[in-house]
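work_1.cif follows (mmCIF, C-alpha atoms):
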data_entry
#
loop_
_atom_site.label_atom_id
_atom_site.label_comp_id
_atom_site.auth_asym_id
_atom_site.auth_seq_id
_atom_site.Cartn_x
_atom_site.Cartn_y
_atom_site.Cartn_z
CA MET Y 8 60.16 -16.78 173.82
CA SER Y 9 63.47 -15.55 175.25
CA GLU Y 10 65.27 -18.47 173.59
CA TRP Y 11 64.31 -17.03 170.20
CA ALA Y 12 65.72 -13.58 171.01
CA LEU Y 13 69.15 -14.16 169.44
CA VAL Y 14 67.93 -15.99 166.34
CA PRO Y 15 67.27 -12.88 164.18
CA LEU Y 16 70.70 -11.45 165.09
CA ARG Y 17 72.38 -14.79 164.33
CA LEU Y 18 70.70 -15.15 160.96
CA PHE Y 19 71.42 -11.56 159.90
CA LEU Y 20 75.08 -11.58 160.89
CA GLY Y 21 75.64 -15.07 159.50
CA ALA Y 22 73.94 -14.42 156.16
CA THR Y 23 75.80 -11.11 155.77
CA PHE Y 24 79.20 -12.69 156.35
CA VAL Y 25 78.41 -15.63 154.04
CA PHE Y 26 77.47 -13.17 151.30
CA ALA Y 27 80.57 -11.04 151.92
CA GLY Y 28 82.87 -14.05 151.73
CA LEU Y 29 81.30 -15.46 148.57
CA GLN Y 30 81.31 -12.03 146.94
CA LYS Y 31 85.08 -11.74 147.44
CA LEU Y 32 85.77 -15.30 146.28
CA ALA Y 33 83.62 -14.92 143.16
CA ASN Y 34 85.31 -11.68 142.09
CA PRO Y 35 88.67 -12.34 140.35
CA ALA Y 36 89.53 -8.64 140.66
CA PHE Y 37 89.66 -8.94 144.46
CA THR Y 38 93.06 -10.68 144.37
CA ASN Y 39 94.27 -9.16 141.08
CA PRO Y 40 96.98 -6.55 141.84
CA ALA Y 41 96.21 -4.75 138.57
CA SER Y 42 92.63 -4.02 139.65
CA SER Y 43 91.71 -0.86 141.55
CA ILE Y 44 89.31 -2.86 143.76
CA SER Y 45 91.88 -5.50 144.72
CA ILE Y 46 92.89 -6.26 148.29
CA GLN Y 47 96.42 -5.15 147.38
CA HIS Y 48 95.19 -1.74 146.24
CA GLN Y 49 93.01 -1.27 149.31
CA MET Y 50 95.74 -2.28 151.74
CA ALA Y 51 98.27 0.02 150.06
CA PHE Y 52 95.81 2.90 150.40
CA ALA Y 53 95.06 2.02 154.03
CA VAL Y 54 98.76 2.21 154.91
CA THR Y 55 98.51 6.01 154.72
CA THR Y 56 95.12 6.35 156.42
CA SER Y 57 94.80 3.56 158.99
CA PRO Y 58 95.88 3.91 162.64
CA ILE Y 59 97.71 0.59 162.16
CA GLY Y 60 99.31 1.70 158.88
CA GLY Y 61 102.79 0.78 160.14
CA LEU Y 62 101.69 -2.84 160.58
CA LEU Y 63 99.88 -2.92 157.24
CA ALA Y 64 103.00 -1.71 155.44
CA HIS Y 65 104.68 -5.02 156.34
CA LEU Y 66 101.66 -7.04 155.22
CA VAL Y 67 101.03 -5.56 151.77
CA ALA Y 68 103.41 -8.06 150.15
CA GLY Y 69 101.16 -10.89 151.37
CA ALA Y 70 97.92 -9.12 150.46
CA ARG Y 71 96.70 -11.92 148.19
CA VAL Y 72 97.00 -14.55 150.92
CA ILE Y 73 95.38 -12.17 153.41
CA GLY Y 74 92.51 -11.58 150.98
CA ILE Y 75 91.87 -15.31 150.51
CA VAL Y 76 92.05 -15.95 154.28
CA LEU Y 77 89.68 -13.03 154.89
CA ALA Y 78 87.16 -14.30 152.34
CA PHE Y 79 87.16 -17.87 153.67
CA GLY Y 80 87.14 -16.52 157.23
CA GLU Y 81 83.98 -14.55 156.53
CA LEU Y 82 82.41 -17.60 154.91
CA LEU Y 83 83.24 -19.88 157.87
CA VAL Y 84 82.10 -17.33 160.44
CA GLY Y 85 78.86 -16.81 158.54
CA LEU Y 86 78.10 -20.52 158.19
CA GLY Y 87 78.90 -21.24 161.84
CA THR Y 88 76.65 -18.39 162.97
CA VAL Y 89 73.72 -19.32 160.74
CA LEU Y 90 73.90 -22.98 161.78
CA GLY Y 91 74.55 -22.24 165.43
CA LEU Y 92 77.71 -24.39 165.31
CA TRP Y 93 80.43 -23.36 167.76
CA THR Y 94 78.59 -20.07 167.88
CA ARG Y 95 80.84 -18.37 170.42
CA VAL Y 96 83.95 -19.25 168.40
CA ALA Y 97 82.31 -18.03 165.18
CA ALA Y 98 81.19 -14.82 166.89
CA ALA Y 99 84.70 -14.20 168.21
CA GLY Y 100 86.03 -14.61 164.66
CA GLY Y 101 83.38 -12.24 163.34
CA LEU Y 102 84.28 -9.67 165.98
CA LEU Y 103 87.99 -9.83 165.04
CA ILE Y 104 87.18 -9.46 161.33
CA SER Y 105 84.89 -6.50 162.04
CA LEU Y 106 87.56 -4.88 164.21
CA SER Y 107 90.22 -5.30 161.52
CA LEU Y 108 87.91 -3.81 158.88
CA PHE Y 109 87.08 -0.91 161.19
CA LEU Y 110 90.77 -0.12 161.75
CA THR Y 111 91.65 -0.35 158.06
CA VAL Y 112 88.53 0.66 156.14
CA SER Y 113 86.08 2.77 158.10
CA PHE Y 114 88.17 4.27 160.91
CA HIS Y 115 87.86 7.80 159.56
CA THR Y 116 84.16 7.59 158.73
CA SER Y 117 82.37 10.62 160.10
CA PRO Y 118 80.05 10.56 161.93
CA TYR Y 119 81.35 7.26 163.29
CA PHE Y 120 77.93 5.60 163.39
CA THR Y 121 77.60 5.77 159.59
CA GLY Y 122 80.33 3.13 159.27
CA SER Y 123 78.99 -0.43 159.43
CA ASP Y 124 82.11 -2.14 160.77
CA ILE Y 125 81.89 -0.66 164.26
CA VAL Y 126 78.21 -1.67 164.40
CA PHE Y 127 79.09 -5.25 163.43
CA PHE Y 128 81.80 -5.26 166.10
CA PHE Y 129 79.30 -4.61 168.88
CA ALA Y 130 76.62 -6.84 167.30
CA TRP Y 131 78.88 -9.89 167.76
CA ILE Y 132 79.28 -9.33 171.52
CA PRO Y 133 75.85 -10.73 172.59
CA LEU Y 134 76.60 -14.00 170.75
CA ILE Y 135 80.00 -14.26 172.47
CA ILE Y 136 78.40 -13.76 175.88
CA ALA Y 137 75.23 -15.84 175.48
CA GLY Y 138 76.13 -18.26 172.69
CA GLY Y 139 73.69 -19.19 169.98
CA GLY Y 140 70.81 -20.32 172.21
CA SER Y 141 68.91 -23.55 171.83
CA ARG Y 142 66.67 -22.63 168.89
CA LEU Y 143 67.72 -23.51 165.32
CA SER Y 144 71.14 -24.40 166.74
CA VAL Y 145 73.38 -27.32 165.81
CA ASP Y 146 75.21 -26.92 169.14
CA ALA Y 147 71.97 -27.43 171.08
CA LYS Y 148 70.95 -30.37 168.90
CA LEU Y 149 74.27 -32.14 169.43
CA ALA Y 150 74.00 -31.59 173.20
CA GLN Y 151 70.50 -33.12 173.21
CA ILE Y 152 71.71 -36.16 171.24
CA ALA Y 153 74.66 -36.69 173.61
CA ALA Y 154 72.39 -36.39 176.67
CA ARG Y 155 69.90 -38.87 175.22
CA GLN Y 156 72.65 -41.38 174.54
CA GLN Y 157 73.67 -41.18 178.21
CA GLY Y 158 70.13 -41.35 179.48
CA ALA Y 159 70.35 -37.82 180.89
CA PRO Y 160 67.61 -35.18 180.67
CA PRO Y 161 67.97 -32.72 177.78
CA PRO Y 162 70.04 -29.63 178.69
CA ALA Y 163 67.20 -27.20 178.10
CA LEU Y 164 67.00 -23.71 179.58
CA VAL Y 165 63.50 -23.04 180.95
CA PRO Y 166 62.84 -19.42 182.01
CA ILE Y 167 60.59 -19.04 185.04
CA ALA Y 168 59.41 -15.99 186.96
CA PHE Y 169 60.78 -15.75 190.50
CA SER Y 170 57.29 -15.17 191.84
CA THR Y 171 56.45 -18.65 190.56
CA VAL Y 172 59.48 -20.07 192.37
CA GLN Y 173 58.28 -18.43 195.59
CA SER Y 174 54.80 -19.89 195.24
CA LEU Y 175 56.22 -23.40 194.75
CA CYS Y 176 58.92 -23.24 197.41
CA GLY Y 177 58.17 -24.95 200.74
CA HIS Y 178 60.71 -22.72 202.52
CA TYR Y 179 59.01 -19.49 201.48
CA ASP Y 180 57.22 -17.74 204.35
CA ASP Y 181 55.97 -14.17 204.26
CA GLY Y 182 58.82 -12.73 202.16
CA ARG Y 183 61.54 -14.70 203.89
CA CYS Y 184 63.38 -17.96 203.26
CA ARG Y 185 63.21 -20.29 206.27
CA ALA Y 186 66.03 -22.44 204.86
CA LEU Y 187 68.47 -19.52 204.77
CA ARG Y 188 66.82 -17.50 207.56
CA ALA Y 189 67.06 -14.46 205.30
CA LEU Y 190 65.01 -12.40 202.92
CA CYS Y 191 63.82 -14.43 199.94
CA GLY Y 192 65.65 -13.42 196.75
CA PRO Y 193 67.02 -15.04 193.58
CA GLN Y 194 70.70 -14.42 194.45
CA HIS Y 195 71.07 -17.36 196.90
CA CYS Y 196 67.79 -19.18 196.45
CA PRO Y 197 68.27 -22.90 197.28
CA VAL Y 198 65.59 -23.84 194.74
CA LEU Y 199 67.34 -22.06 191.88
CA ALA Y 200 70.78 -23.21 193.00
CA GLY Y 201 69.67 -26.86 193.10
CA GLU Y 202 71.39 -29.67 194.90
CA ARG Y 203 75.09 -30.29 194.56
CA PRO Y 204 75.52 -33.12 192.00
CA SER Y 205 76.97 -36.39 193.22
CA LEU Y 206 80.28 -37.73 191.93
CA TYR Y 207 78.39 -40.11 189.66
CA ASP Y 208 76.30 -37.26 188.27
CA ARG Y 209 79.41 -35.15 187.67
CA ARG Y 210 81.06 -37.92 185.70
CA HIS Y 211 77.77 -38.42 183.89
CA LEU Y 212 77.71 -34.76 182.88
CA ASP Y 213 81.38 -34.86 181.87
CA VAL Y 214 80.61 -37.70 179.45
CA VAL Y 215 77.76 -35.69 177.94
CA ASP Y 216 79.99 -32.63 177.55
CA ARG Y 217 82.80 -34.71 176.02
CA ARG Y 218 80.45 -36.39 173.54
CA THR Y 219 79.02 -33.00 172.62
CA LEU Y 220 82.52 -31.60 172.04
CA ILE Y 221 83.56 -34.55 169.86
CA ALA Y 222 80.37 -34.38 167.80
CA GLY Y 223 80.73 -30.61 167.47
CA THR Y 224 84.35 -30.93 166.34
CA SER Y 225 83.35 -33.47 163.69
CA ALA Y 226 80.60 -31.14 162.51
CA VAL Y 227 83.06 -28.23 162.34
CA VAL Y 228 85.54 -30.28 160.28
CA GLY Y 229 82.72 -31.19 157.90
CA GLY Y 230 81.63 -27.56 157.80
CA VAL Y 231 85.14 -26.36 156.95
CA ALA Y 232 85.38 -28.90 154.13
CA GLY Y 233 81.98 -27.79 152.85
CA ALA Y 234 82.97 -24.11 153.06
CA LEU Y 235 86.16 -24.78 151.10
CA ALA Y 236 84.16 -26.56 148.42
CA ILE Y 237 81.57 -23.77 148.25
CA GLY Y 238 84.34 -21.15 148.08
CA ALA Y 239 86.14 -23.02 145.30
CA ILE Y 240 82.93 -23.30 143.29
CA ALA Y 241 82.24 -19.58 143.77
CA ALA Y 242 85.78 -18.68 142.68
CA GLU Y 243 85.61 -20.85 139.55
CA GLY Y 244 82.16 -19.50 138.72
CA GLY Y 245 83.45 -15.95 139.08
CA LYS Y 246 86.32 -16.67 136.70
CA ILE Y 247 83.96 -18.13 134.10
CA LEU Y 248 81.56 -15.20 134.31
CA SER Y 249 84.44 -12.73 134.24
CA SER Y 250 85.97 -14.33 131.15
CA GLY Y 251 82.64 -14.11 129.34
CA ALA Y 252 82.01 -10.52 130.32
CA SER Y 253 82.68 -7.51 128.12
CA GLY Y 254 85.34 -6.10 130.41
CA GLY Y 255 83.13 -4.04 132.67
CA GLY Y 256 81.33 -1.84 130.12
CA ARG Y 257 82.15 0.44 127.22
CA THR Y 258 85.65 1.78 126.69
CA LEU Y 259 86.25 4.90 124.63
CA SER Y 260 88.53 4.34 121.67
CA PRO Y 261 90.54 7.39 120.53
CA THR Y 262 89.77 6.93 116.83
CA PRO Y 263 88.41 10.03 115.05
CA THR Y 264 85.11 9.53 113.27
CA SER Y 265 85.71 12.30 110.77
CA ALA Y 266 89.00 12.53 108.94
CA PRO Y 267 90.57 15.87 108.03
CA THR Y 268 89.22 17.29 104.80
CA THR Y 269 91.77 17.76 102.02
CA THR Y 270 91.03 20.00 99.02
CA THR Y 271 93.22 20.04 95.90
CA SER Y 272 92.47 22.14 92.84
CA ALA Y 273 93.33 20.71 89.46
CA PRO Y 274 96.28 22.17 87.55
CA THR Y 275 95.42 24.99 85.09
CA THR Y 276 97.40 25.64 81.90
CA SER Y 277 97.36 28.90 79.93
CA THR Y 278 99.08 29.30 76.56
CA SER Y 279 99.71 32.49 74.52
CA ALA Y 280 101.40 32.95 71.20
CA SER Y 281 104.29 34.95 72.57
CA ALA Y 282 104.96 33.05 75.77
CA ALA Y 283 105.63 29.55 76.90
CA PRO Y 284 102.81 27.59 78.48
CA THR Y 285 102.31 28.42 82.16
CA THR Y 286 101.01 25.77 84.62
CA THR Y 287 99.50 26.85 87.92
CA THR Y 288 98.74 24.33 90.68
CA SER Y 289 97.34 25.32 94.09
CA ALA Y 290 98.71 23.37 97.08
CA PRO Y 291 96.40 20.94 98.91
CA THR Y 292 94.57 22.57 101.82
CA THR Y 293 93.68 20.63 104.97
CA THR Y 294 90.74 21.75 107.06
CA THR Y 295 90.63 20.52 110.67
CA SER Y 296 88.07 21.72 113.21
CA HIS Y 297 88.18 20.37 116.77
CA PRO Y 298 88.89 21.68 120.28
CA LYS Y 299 92.30 21.47 121.87
CA GLY Y 300 92.91 18.57 124.23
CA THR Y 301 93.27 14.81 124.27
CA LEU Y 302 91.00 12.88 121.95
CA LEU Y 303 89.03 10.25 123.90
CA GLY Y 304 86.80 8.88 121.17
CA SER Y 305 83.54 9.39 119.38
CA ALA Y 306 80.53 10.68 121.30
CA SER Y 307 78.47 8.08 119.47
CA GLN Y 308 80.25 5.38 121.49
CA VAL Y 309 78.32 6.51 124.59
CA PRO Y 310 74.51 6.21 124.21
CA ARG Y 311 72.24 8.30 126.38
CA ASN Y 312 72.10 7.28 130.04
CA GLU Y 313 75.15 5.09 129.55
CA ALA Y 314 78.81 5.41 130.55
CA ALA Y 315 82.21 4.56 129.10
CA SER Y 316 85.64 4.30 130.65
CA PHE Y 317 89.01 5.70 129.60
CA THR Y 318 92.46 6.31 131.06
CA ILE Y 319 93.33 9.83 132.21
CA PRO Y 320 96.62 10.65 130.41
CA THR Y 321 97.98 12.99 133.10
CA ASN Y 322 97.93 10.56 136.02
CA GLY Y 323 96.96 7.14 134.64
CA ASP Y 324 93.81 6.97 136.77
CA PRO Y 325 90.65 5.35 135.39
CA GLY Y 326 88.19 7.93 134.08
CA ILE Y 327 84.47 7.68 133.39
CA VAL Y 328 82.28 9.66 131.01
CA VAL Y 329 78.48 9.66 131.16
CA HIS Y 330 76.02 10.71 128.47
CA THR Y 331 73.16 11.97 130.62
CA LYS Y 332 69.48 11.60 129.78
CA GLU Y 333 69.41 15.32 129.05
CA GLY Y 334 72.10 14.89 126.38
CA ALA Y 335 75.09 16.38 128.20
CA PHE Y 336 78.49 14.71 128.59
CA VAL Y 337 80.24 14.74 131.97
CA ALA Y 338 83.53 13.11 132.96
CA TYR Y 339 85.21 12.32 136.27
CA ASP Y 340 88.25 10.67 137.76
CA ALA Y 341 86.64 7.33 138.64
CA VAL Y 342 88.79 6.68 141.72
CA CYS Y 343 86.62 6.69 144.85
CA PRO Y 344 88.11 9.11 147.43
CA HIS Y 345 87.36 6.61 150.22
CA LEU Y 346 89.77 3.73 149.54
CA GLY Y 347 90.63 4.11 145.87
CA CYS Y 348 88.19 1.66 144.27
CA THR Y 349 86.82 2.44 140.81
CA VAL Y 350 83.26 3.72 140.78
CA GLY Y 351 80.69 2.65 138.20
CA TYR Y 352 77.59 4.25 136.74
CA ALA Y 353 74.16 2.90 137.72
CA PRO Y 354 71.78 3.84 134.87
CA SER Y 355 68.63 2.83 136.77
CA MET Y 356 69.41 5.26 139.61
CA GLN Y 357 71.43 7.76 137.52
CA LEU Y 358 74.30 7.98 140.00
CA PHE Y 359 77.85 6.73 140.51
CA ALA Y 360 78.32 3.88 142.99
CA CYS Y 361 81.46 2.43 144.55
CA PRO Y 362 81.44 -1.40 144.41
CA CYS Y 363 83.68 -1.76 147.46
CA HIS Y 364 81.93 0.09 150.26
CA GLY Y 365 78.77 1.56 148.78
CA SER Y 366 79.54 5.28 148.44
CA GLU Y 367 77.22 7.06 145.98
CA PHE Y 368 77.85 10.22 143.97
CA GLU Y 369 75.68 12.68 142.03
CA VAL Y 370 76.20 12.56 138.25
CA MET Y 371 76.17 16.24 137.29
CA THR Y 372 78.40 17.47 140.13
CA GLY Y 373 80.18 14.38 141.50
CA ASP Y 374 79.13 15.32 145.05
CA VAL Y 375 78.74 12.62 147.70
CA ILE Y 376 75.16 11.39 148.15
CA SER Y 377 76.03 8.79 150.79
CA GLY Y 378 79.33 7.82 152.44
CA PRO Y 379 81.74 6.59 153.60
CA ALA Y 380 83.58 8.65 150.95
CA PRO Y 381 84.79 11.88 152.62
CA HIS Y 382 84.22 14.05 149.54
CA GLY Y 383 83.05 13.93 145.94
CA LEU Y 384 84.67 12.76 142.71
CA THR Y 385 87.15 14.93 140.81
CA LYS Y 386 85.38 16.43 137.81
CA LEU Y 387 87.20 16.62 134.47
CA ASP Y 388 86.84 19.26 131.74
CA LEU Y 389 85.25 17.48 128.76
CA VAL Y 390 84.32 19.07 125.44
CA GLU Y 391 82.37 17.63 122.51
CA GLY Y 392 83.84 18.82 119.22
CA ALA Y 393 81.91 19.81 116.10
CA ASN Y 394 83.30 16.66 114.48
CA GLY Y 395 81.44 14.45 116.98
CA ASN Y 396 84.44 13.50 119.10
CA LEU Y 397 85.04 13.96 122.83
CA TYR Y 398 88.14 15.80 124.03
CA LEU Y 399 89.66 16.01 127.51
CA GLN Y 400 90.95 19.51 128.21
#
Would you write the structure of this file as structure tokens?
Amino acid sequence: MSEWALVPLRLFLGATFVFAGLQKLANPAFTNPASSISIQHQMAFAVTTSPIGGLLAHLVAGARVIGIVLAFGELLVGLGTVLGLWTRVAAAGGLLISLSLFLTVSFHTSPYFTGSDIVFFFAWIPLIIAGGGSRLSVDAKLAQIAARQQGAPPPALVPIAFSTVQSLCGHYDDGRCRALRALCGPQHCPVLAGERPSLYDRRHLDVVDRRTLIAGTSAVVGGVAGALAIGAIAAEGGKILSSGASGGGRTLSPTPTSAPTTTTSAPTTSTSASAAPTTTTSAPTTTTSHPKGTLLGSASQVPRNEAASFTIPTNGDPGIVVHTKEGAFVAYDAVCPHLGCTVGYAPSMQLFACPCHGSEFEVMTGDVISGPAPHGLTKLDLVEGANGNLYLQ
């Protein structure tokens, strides 16, 4: 049973990193400098918050390449871990990725244990120390094949209780080892240590190890080629889906729905016998009734329990307005205070969610429901005019 102990950890870490890599590759915005969720935007923000900000400042120019390498790195690490192929190497790569994300993304998360990157960092350590085990492992399968080709016994690890060793050992006598003339213990037990292999056996084992290494290297090369193909397919699929999308939801259009009302009275002419005709014309009067502020668009553009985006004129940040189920309109600066990604509205849960790192915010107040965002969204003063339009104060 102990050989199965690492399998759940392997599968979880591997599947998570495969998903993370494919998610980045399938999202065109990840490498688009104009997007608020791009790697460029996140690295530029991390320069001012990360303990390695000085190093990041020199790397921002190559953010796109770094983003692609990170995405494929996560994919390769995940596939290697799930398959049990070069597991220690994959785990070391996963540990380095988790460490880099901790130093750049979640370093200031408080309390520290609410950030996932530090947890992933320590979760990789058992796989670096113990490897992937012999269950559901390509490494173990290749070693068995190489041993069989050389006529050697399979390199299987068989756990056995030391009390069983004592009962089978001919040197064991009343708690002592007659071979060592010492207390019987597992540290220097001649049964557990085994006999020193002969020169022929050593060469035999070297051949098995070399064949295993060659077969493993071939499998890794094939895995890398497969990962590149999978990543390319995911990237192309993301572009196709993105091009067919509506642009990420509704966008308010600043076009008034009710035009100003103009009233003009017809000319009136009065004539008397002793005076010339007199013509009186009243000037056109324009009636306009709306609050002061910047026109965002018609309230009818935002159905109940839906959201629409706009650009905040004072700072150029993306804004979001929600028409709540209760009928109220609320607006916020949509920039997540964690790393500057743009939050979106989740109608099913009636909350704001950050697509980058999962922060959630309450709709009516903008307060943080769950981190890693350090504080809530910035609320904007929004007014609905009598003419049915929304105005930003």
Selected residue of minimal separation from Y:Ala314 among Y:Lys386, Y:His65, Y:Arg257, Y:Lys299, counting only C-alpha atoms: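 The answer is Y:Arg257, which sits nearest to Y:Ala314.
Between atom CA of Y:Arg95 and atom CA of Y:Val72 lies a distance of 25.6 Å.
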Please identify all polymer residues within 12 Å of stretch 174-183 of chain Y, counting all atoms listed in the file, omitting same-chain residues fewer than 5 positions from it, and present them as a list in words.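 Here the qualifying residues turn out to be Ile167, Ala168, Phe169, Arg188, Ala189, Leu190, Cys191, Gly192, Pro193, Cys196, Pro197, Val198 and Leu199 of chain Y.
Under the PyMOL selection byres ((chain Y and resi 140) around 9), the matching residues in the shown file are Y:Glu10, Y:Trp11, Y:Ala12, Y:Leu13, Y:Val14, Y:Gly91, Y:Thr94, Y:Leu134, Y:Ala137, Y:Gly138, Y:Gly139, Y:Ser141, Y:Arg142, Y:Leu143, Y:Ser144, Y:Asp146, Y:Ala147, Y:Leu164.
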Just write the chosen residues, C-alpha atoms, as an mmCIF file, keeping the file's coordinate frame.
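Dumped everything to selection_0.cif:
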data_model
loop_
_atom_site.group_PDB
_atom_site.id
_atom_site.type_symbol
_atom_site.label_atom_id
_atom_site.label_comp_id
_atom_site.auth_asym_id
_atom_site.auth_seq_id
_atom_site.Cartn_x
_atom_site.Cartn_y
_atom_site.Cartn_z
ATOM 1 C CA GLU Y 10 65.270 -18.470 173.590
ATOM 2 C CA TRP Y 11 64.310 -17.030 170.200
ATOM 3 C CA ALA Y 12 65.720 -13.580 171.010
ATOM 4 C CA LEU Y 13 69.150 -14.160 169.440
ATOM 5 C CA VAL Y 14 67.930 -15.990 166.340
ATOM 6 C CA GLY Y 91 74.550 -22.240 165.430
ATOM 7 C CA THR Y 94 78.590 -20.070 167.880
ATOM 8 C CA LEU Y 134 76.600 -14.000 170.750
ATOM 9 C CA ALA Y 137 75.230 -15.840 175.480
ATOM 10 C CA GLY Y 138 76.130 -18.260 172.690
ATOM 11 C CA GLY Y 139 73.690 -19.190 169.980
ATOM 12 C CA SER Y 141 68.910 -23.550 171.830
ATOM 13 C CA ARG Y 142 66.670 -22.630 168.890
ATOM 14 C CA LEU Y 143 67.720 -23.510 165.320
ATOM 15 C CA SER Y 144 71.140 -24.400 166.740
ATOM 16 C CA ASP Y 146 75.210 -26.920 169.140
ATOM 17 C CA ALA Y 147 71.970 -27.430 171.080
ATOM 18 C CA LEU Y 164 67.000 -23.710 179.580
#
Please compute the atom CA of Y:Gly244-atom CA of Y:Ala33 distance, one decimal, in Å. 6.5 Å
